[in-house]
Amino acid sequence: MEQKRQVFSVDLLERYAAKGRGVITCMAAGNDVIVLGTSKGWIIRHDFGVGDSYDIDLSAGRPGDQSIHRVFVDPGGSHCIATIVGPGGADTFYTHAKWTRPRLLSKLKGLIVNAVAWNRQLITEASTREVILGTDNGQLHEIAVDEKDKREKYIKFLFELKELPEAFTGLQMETANVINGTRYYVMAVTPTRLYSYTGIGSLESVFASYVDRTVHFTELPGDIANSELHFFINQRRAVYFAWLSGAGIYHGGLNFGAQHSSPDGDQNFVENKALLSYSRLGEGTEAVKPSSMAVSEFHFLLLIGNKVKVVNRISEQIVEELYFDQASDAASRGIIGLCSDASAGLFYAYDQNSIFQVSVNDEGRDMWKVYLDLKEYAAALANCRDALQKDQVYLVQAEAAFSTKDFLRAASFYAKINYVLSFEEISLKFISMGEQDALRTFLLRKLDNLAKDDTCQITMISTWITELYLDKINRVLLEDEGASEKGALEYQSIIKEFRAFLSDSKDVLDEATTMKLLKSYGRVDELVFFANLKEQHEIVVHHYIQQGEAKKALQVLQKPNVPIDLQYKFAPDLIMLDAYETVESWMTTKDLNPRKLIPAMMRYSSEPHAKNETHEVIKYLEYSVHRLQNEDPGVHNLLLSLYAKQEDESSLLRFLQCKFGKGRSSGPEFFYDPKYALRLCLKEKRMRACVHIYSMMSMHEEAVALALQVDPELAMAEADKVEDDEELRKKLWLMVAKHVIEQEKGTKRENIRKAIAFLKETDGLLKIEDILPFFPDFALIDDFKEAICSSLEDYNEQIENLKQEMNDATHGADNIRNDISALAQRYAVIDRDEECGAEYILDLQKRLTLLSNEPRKDSSGGLSEEEPLTSMTPLEKIRSQLDDAIASECPFCGDLMIREISLPFILPEEADVAASWEIKPHNAGMQKSLSLPAY
């Protein structure tokens with residue numbers, strides 16, 4: 001596999017890591033912490049995070065040579081478990097990163113611990129929580145340590161292999177929270193088997209349950225001295241496992257959240273299992289088994305001899321080989337083993353003296369190609385880093401489908417390609433094959449993948465798709481001339497799909513071009529559908545009218561965004577098509593001007609209608625006039641004309657008598673043209689209506705004259721309407737009288753009696769002498785004797801009344817003259833201490849208010865309902881005094897006093913009188929002295 005640079009690289013981390021404490025026998029790592037075990041019983045801890053290092057001697061007090069068998073570190077680098085082996089047997093110690101002295105786990109005395117499983121989900125720096133230990137004699141033990149206790153909390157025996165006692169060489173554990181507790185997943189390996197344990201509760205209860213049920217295991221042939229089990233950890237969760245077995249590397253995915261079930265209750269959490277045979281790793285004929293292994297996300301690192309072969313887990317191909325720069329004194333022994341630090345994402349290799357670091361640099365960069373070669377397209381796409389890589393995956397899928405003539409599927413993949421093939425090249429592929437359906441599919445998918453700002457390309461492709469849809473519809477119709485059920489279903493399906501496309505693309509399709517295409521293919525229904533989408537309501541309504549579907553047309557016109565002018569434009573056609581639905585629609589439409597509907601209504605009214613048929617125009621006009629209170633003269637005139645054409649005159653008369661403007665200050669009582677109404681009624685011979693119009697126009701003589709031709713009673717009623725003009729009223733009654741007398745056909749005496757009876761109906765307005773000229777000259781006066789005598793008596797009574805009135809007037813004039821004479825001598829005496837009348841009025845008002853608030857009582861103390869007419873209550877007396885005071889004039893502040901303020905004491909006409917009182921001085925010589933007597 002071509003690569004620009006190696007994914008895995010090796011660096012020497014520390015040359016003499018054992019510090020002279022013997023040679024390195026084992027190693028473990030976690031969270032940038034490395035712990036080494038040596039051949040002299042020392043464990044050496046290197047903390048690269050803080051740059052610290054220290055060593056602990058586990059062989060102190062033990063006889064003979066001691067060697068560290070295995071050392072284990074938790075993922076956080078805080079907890080460490082180590083087993084030392086010597087002549088005196090095996091001991092296992094626990095130590096914490098903060099401790100200076102290890103703690104012997106005495107209950108494990110004599111047991112060699114080969115494997116440890118940490119509880120990665122729950123372990124903390126202060127507590128190990130549950131830890132499983134696997135021993136050389138096939139036993140599993142559980143321990144837990146809290147750092148603050150300085151000793152283990154407990155050590156429990158869990159399980160022992162009895163069917164095939166073998167050493168446990170690898171252990172891994174995962175936990176998951178479930179509804180009823182914690183579920184444990186434990187995987188363990190021996191040189192020949194892989195065991196799976198699971199259950200809910202505690203570890204002790206989980207393993208106790210396997211006393212009564214079979215342990216799930218996988219057994220592989222072959223033997224290997226250093227069987228290993230590894231989990232690849234991603235975000236603290238195991239993703240897949242790998243077992244270094246005698247037959248090969250057995251690996252698979254881990255799914256701890258899935259619901260597994262089996263008859264015995266044992267649940268298998270392994271999926272997609274595979275075996276990588278060692279034969280694929282050998283350079284010769286013999287298969288070479290690795291001595292150690294580590295796992296990364298996509299690769300196995302296998303220690304074979306003095307080098308590490310990197311094998312892609314997916315393709316099972318060797319992608320790299322790693323070599324180590326060993327010191328000369330360690331080269332003979334070679335690389336001892338591998339270990340990994342899941343927290344830091346690093347790998348380590350070690351020999352007797354040195355530690356080597358294996359770094360990973362973007363190991364997933366070419367995985368898309370690996371998956372693509374294996375035709376795992378979904379995984380390939382998931383690992384693509386850019387659009388060009390995705391294009392290559394889509395291209396392979398598209399060409400594979402195209403080669404098998406699965407053109408529709410190929411079209412979907414071709415539509416996702418943006419760079420490796422042009423739009424034109426892909427289109428030509430389908431055109432050359434005559435695959436119009438696949439081309440349409442390609443264009444549709446391409447349309448989905450285009451950015452919104454590619455407006456030109458979107459419009460072009462959408463138009464092309466429209467034409468392809470139309471072509472497909474025509475082909476379906478031509479191919480299915482027999483109208484089979486299958487063909488009909490296909491036709492309906494393509495029509496539905498096409499309409500959905502038009503709905504989705506209405507904003508990007510060019511309106512004129514699309515409509516032209518639809519017309520050229522004769523797709524009227526789709527044209528109407530698209531016009532509706534584009535709010536071309538005129539086209540839609542016109543189509544529905546042509547199809548005779550008035551109700552659908554009216555539904556379109558009633559939409560809020562439809563211009564009101566279309567209502568007027570299509571009104572003539574719609575009312576002729578369905579008058580009832582049209583008028584109902586008009587009455588529910590707001591802001592509709594009835595005047596603009598007059599042409600449509602007149603067209604409808606000109607057509608013949610059955611006698612019992614509801615006249616829809618009259619219904620709408622009545623609604624406009626009465627409900628909408630329309631005042632347009634044209635509307636009122638049209639309604640009047642339609643009423644006039646009806647045989648029954650009652651509706652016309654009610655309309656004429658209705659005062660539409662009643663209650664308005666400056667408006668007329670009616671809005672129709674009375675002259676037009678009169679002409680129309682005369683033409684249609686609606687005489688009663690004509691009489692009403694004449695009367696309304698104050699043409700009372702014409703009204704009475706016409707009414708006499710119809711009904712004398714109507715004429716009398718019209719004559720009585722004139723009240724403010726006595727002379728005209730008398731004239732009208734004379735017209736009626738003349739008509740009545742001339743129309744009588746009985747005997748002369750009978751006619752005279754009827755005429756005299758008619759005079760009584762006029763309430764004295766007409767006298768016998770008024771109607772005598774209407775009788776023929778040869779009529780005898782004797783026949784009118786009673787009537788004439790009665791008339792003379794009336795005149796005589798009127799003369800007497802007139803004389804009495806004249807006498808009363810004369811007496812009244814004499815009284816007035818006397819009053820005028822007496823008025824010149826009237827005077828009033830005003831006392832010096834008399835009060836102002838205004839103050840007297842205010843005092844009376846206060847007293848009146850006080851008395852008005854008190855209830856009236858009778859003499860016995862009860863409330864009086866009624867007082868005698870002859871008596872006056874105090875309230876009435878005060879009110880009478882107040883009236884007199886207001887009616888009189890106050891001498892101090894009245895009008896007379898106010899006027900006299902501005903008058904001089906001596907008026908101009910009194911100047912001569914004033915001058916006569918002037919004292920004039922005499923000459924000095926003529927003065928005489930006057931001596932006064934002294935007193």
# chains A, B, ... in the order shown; residues from 1 in each chain; ligands from 1
$ select_by_dssp --residues "region 24-140 of chain A" --states "strand (DSSP E)" --output "PyMOL selection string"
chain A and resi 24-30+33-38+42-47+52-57+67-73+79-86+89-96+103-104+113-118+131-135+139-140
$ write_last_selection --atoms "C-alpha atoms" --output "PDB file, in the first residue's frame"
ATOM      1  CA  ILE A  24      14.150  -6.484  32.371  1.00  0.00           C
ATOM      2  CA  THR A  25      11.775  -9.450  32.593  1.00  0.00           C
ATOM      3  CA  CYS A  26       8.352  -7.793  32.158  1.00  0.00           C
ATOM      4  CA  MET A  27       6.734  -4.424  31.571  1.00  0.00           C
ATOM      5  CA  ALA A  28       3.348  -2.641  31.844  1.00  0.00           C
ATOM      6  CA  ALA A  29       2.173   0.893  30.998  1.00  0.00           C
ATOM      7  CA  GLY A  30      -0.723   3.239  31.626  1.00  0.00           C
ATOM      8  CA  VAL A  33       3.594   5.586  33.469  1.00  0.00           C
ATOM      9  CA  ILE A  34       5.868   2.582  32.762  1.00  0.00           C
ATOM     10  CA  VAL A  35       6.540  -0.101  35.374  1.00  0.00           C
ATOM     11  CA  LEU A  36       9.355  -2.599  34.796  1.00  0.00           C
ATOM     12  CA  GLY A  37      10.039  -5.899  36.525  1.00  0.00           C
ATOM     13  CA  THR A  38      13.660  -7.128  36.762  1.00  0.00           C
ATOM     14  CA  TRP A  42      12.917  -5.045  41.657  1.00  0.00           C
ATOM     15  CA  ILE A  43      10.075  -3.051  40.158  1.00  0.00           C
ATOM     16  CA  ILE A  44      11.063   0.255  38.599  1.00  0.00           C
ATOM     17  CA  ARG A  45       8.457   2.972  37.998  1.00  0.00           C
ATOM     18  CA  HIS A  46       8.984   5.688  35.378  1.00  0.00           C
ATOM     19  CA  ASP A  47       6.381   8.522  35.421  1.00  0.00           C
ATOM     20  CA  ASP A  52       9.803  11.089  38.154  1.00  0.00           C
ATOM     21  CA  SER A  53      11.311   7.610  38.656  1.00  0.00           C
ATOM     22  CA  TYR A  54      11.777   5.293  41.649  1.00  0.00           C
ATOM     23  CA  ASP A  55      12.299   1.579  42.316  1.00  0.00           C
ATOM     24  CA  ILE A  56      11.073  -0.885  44.942  1.00  0.00           C
ATOM     25  CA  ASP A  57      12.757  -4.120  46.013  1.00  0.00           C
ATOM     26  CA  SER A  67      12.625 -12.569  39.553  1.00  0.00           C
ATOM     27  CA  ILE A  68       9.571 -10.497  38.739  1.00  0.00           C
ATOM     28  CA  HIS A  69       7.213 -12.800  36.840  1.00  0.00           C
ATOM     29  CA  ARG A  70       4.517 -10.328  35.776  1.00  0.00           C
ATOM     30  CA  VAL A  71       3.771  -6.699  36.484  1.00  0.00           C
ATOM     31  CA  PHE A  72       0.383  -4.955  35.858  1.00  0.00           C
ATOM     32  CA  VAL A  73      -0.583  -1.269  35.870  1.00  0.00           C
ATOM     33  CA  HIS A  79      -2.297   0.972  40.953  1.00  0.00           C
ATOM     34  CA  CYS A  80       0.289  -1.735  40.390  1.00  0.00           C
ATOM     35  CA  ILE A  81       0.223  -5.528  40.997  1.00  0.00           C
ATOM     36  CA  ALA A  82       3.397  -7.598  40.643  1.00  0.00           C
ATOM     37  CA  THR A  83       4.216 -11.303  41.175  1.00  0.00           C
ATOM     38  CA  ILE A  84       7.733 -12.375  42.223  1.00  0.00           C
ATOM     39  CA  VAL A  85       8.969 -15.953  41.830  1.00  0.00           C
ATOM     40  CA  GLY A  86      11.919 -17.565  43.605  1.00  0.00           C
ATOM     41  CA  GLY A  89       7.641 -19.961  45.864  1.00  0.00           C
ATOM     42  CA  ALA A  90       5.580 -17.087  44.483  1.00  0.00           C
ATOM     43  CA  ASP A  91       4.237 -13.951  46.182  1.00  0.00           C
ATOM     44  CA  THR A  92       2.002 -11.203  44.836  1.00  0.00           C
ATOM     45  CA  PHE A  93       2.310  -7.568  45.940  1.00  0.00           C
ATOM     46  CA  TYR A  94       0.141  -4.470  45.517  1.00  0.00           C
ATOM     47  CA  THR A  95       1.578  -0.972  45.529  1.00  0.00           C
ATOM     48  CA  HIS A  96       0.196   2.491  44.925  1.00  0.00           C
ATOM     49  CA  ARG A 103       1.688  -4.569  50.391  1.00  0.00           C
ATOM     50  CA  LEU A 104       1.911  -8.351  50.291  1.00  0.00           C
ATOM     51  CA  VAL A 113      -0.653 -14.366  38.792  1.00  0.00           C
ATOM     52  CA  ASN A 114      -0.508 -14.379  34.995  1.00  0.00           C
ATOM     53  CA  ALA A 115      -3.283 -11.893  34.156  1.00  0.00           C
ATOM     54  CA  VAL A 116      -5.195  -8.962  35.677  1.00  0.00           C
ATOM     55  CA  ALA A 117      -8.535  -7.389  34.561  1.00  0.00           C
ATOM     56  CA  TRP A 118      -9.143  -3.798  35.753  1.00  0.00           C
ATOM     57  CA  VAL A 131     -10.097  -6.384  40.121  1.00  0.00           C
ATOM     58  CA  ILE A 132      -9.910  -9.951  38.737  1.00  0.00           C
ATOM     59  CA  LEU A 133      -6.669 -11.939  38.984  1.00  0.00           C
ATOM     60  CA  GLY A 134      -5.993 -15.013  36.817  1.00  0.00           C
ATOM     61  CA  THR A 135      -3.486 -17.567  38.100  1.00  0.00           C
ATOM     62  CA  GLN A 139      -8.177 -19.933  39.181  1.00  0.00           C
ATOM     63  CA  LEU A 140      -9.833 -16.500  39.230  1.00  0.00           C
TER      64      LEU A 140
END
$ atom_distance --atom1 "CA of Leu444 (chain A)" --atom2 "CA of Leu509 (chain A)"
13.6 Å
$ residues_around --residues "Asn272 (chain A)" --least-positions-apart "5" --cutoff "10 Å" --atoms "only C-alpha atoms" --output "short mmCIF file (atom, residue, chain, number, x, y, z; two decimals) with N, CA, C and O atoms, in the first residue's frame"
data_model
loop_
_atom_site.label_atom_id
_atom_site.label_comp_id
_atom_site.auth_asym_id
_atom_site.auth_seq_id
_atom_site.Cartn_x
_atom_site.Cartn_y
_atom_site.Cartn_z
N TYR A 240 -13.06 -3.70 20.21
CA TYR A 240 -12.88 -5.06 19.67
C TYR A 240 -11.79 -5.76 20.48
O TYR A 240 -11.05 -5.15 21.25
N HIS A 251 -10.12 -12.56 16.39
CA HIS A 251 -10.55 -11.21 16.77
C HIS A 251 -12.00 -10.99 16.37
O HIS A 251 -12.56 -11.73 15.54
N GLY A 252 -12.60 -9.97 16.92
CA GLY A 252 -13.99 -9.65 16.61
C GLY A 252 -14.44 -8.40 17.34
O GLY A 252 -13.75 -7.87 18.22
N GLY A 253 -15.63 -7.94 16.98
CA GLY A 253 -16.18 -6.74 17.61
C GLY A 253 -16.83 -7.05 18.93
O GLY A 253 -17.24 -8.17 19.21
N LEU A 254 -16.92 -6.04 19.80
CA LEU A 254 -17.55 -6.16 21.11
C LEU A 254 -18.75 -5.22 21.16
O LEU A 254 -18.63 -4.05 20.82
#
$ closest_residue --among "A:Ile461, A:Ala885, A:Leu203, A:Val7" --to "Asp366 (chain A)" --atoms "only C-alpha atoms"
A:Val7
$ atom_distance --atom1 "CA of Gln66 (chain A)" --atom2 "CA of Ala17 (chain A)"
18.7 Å
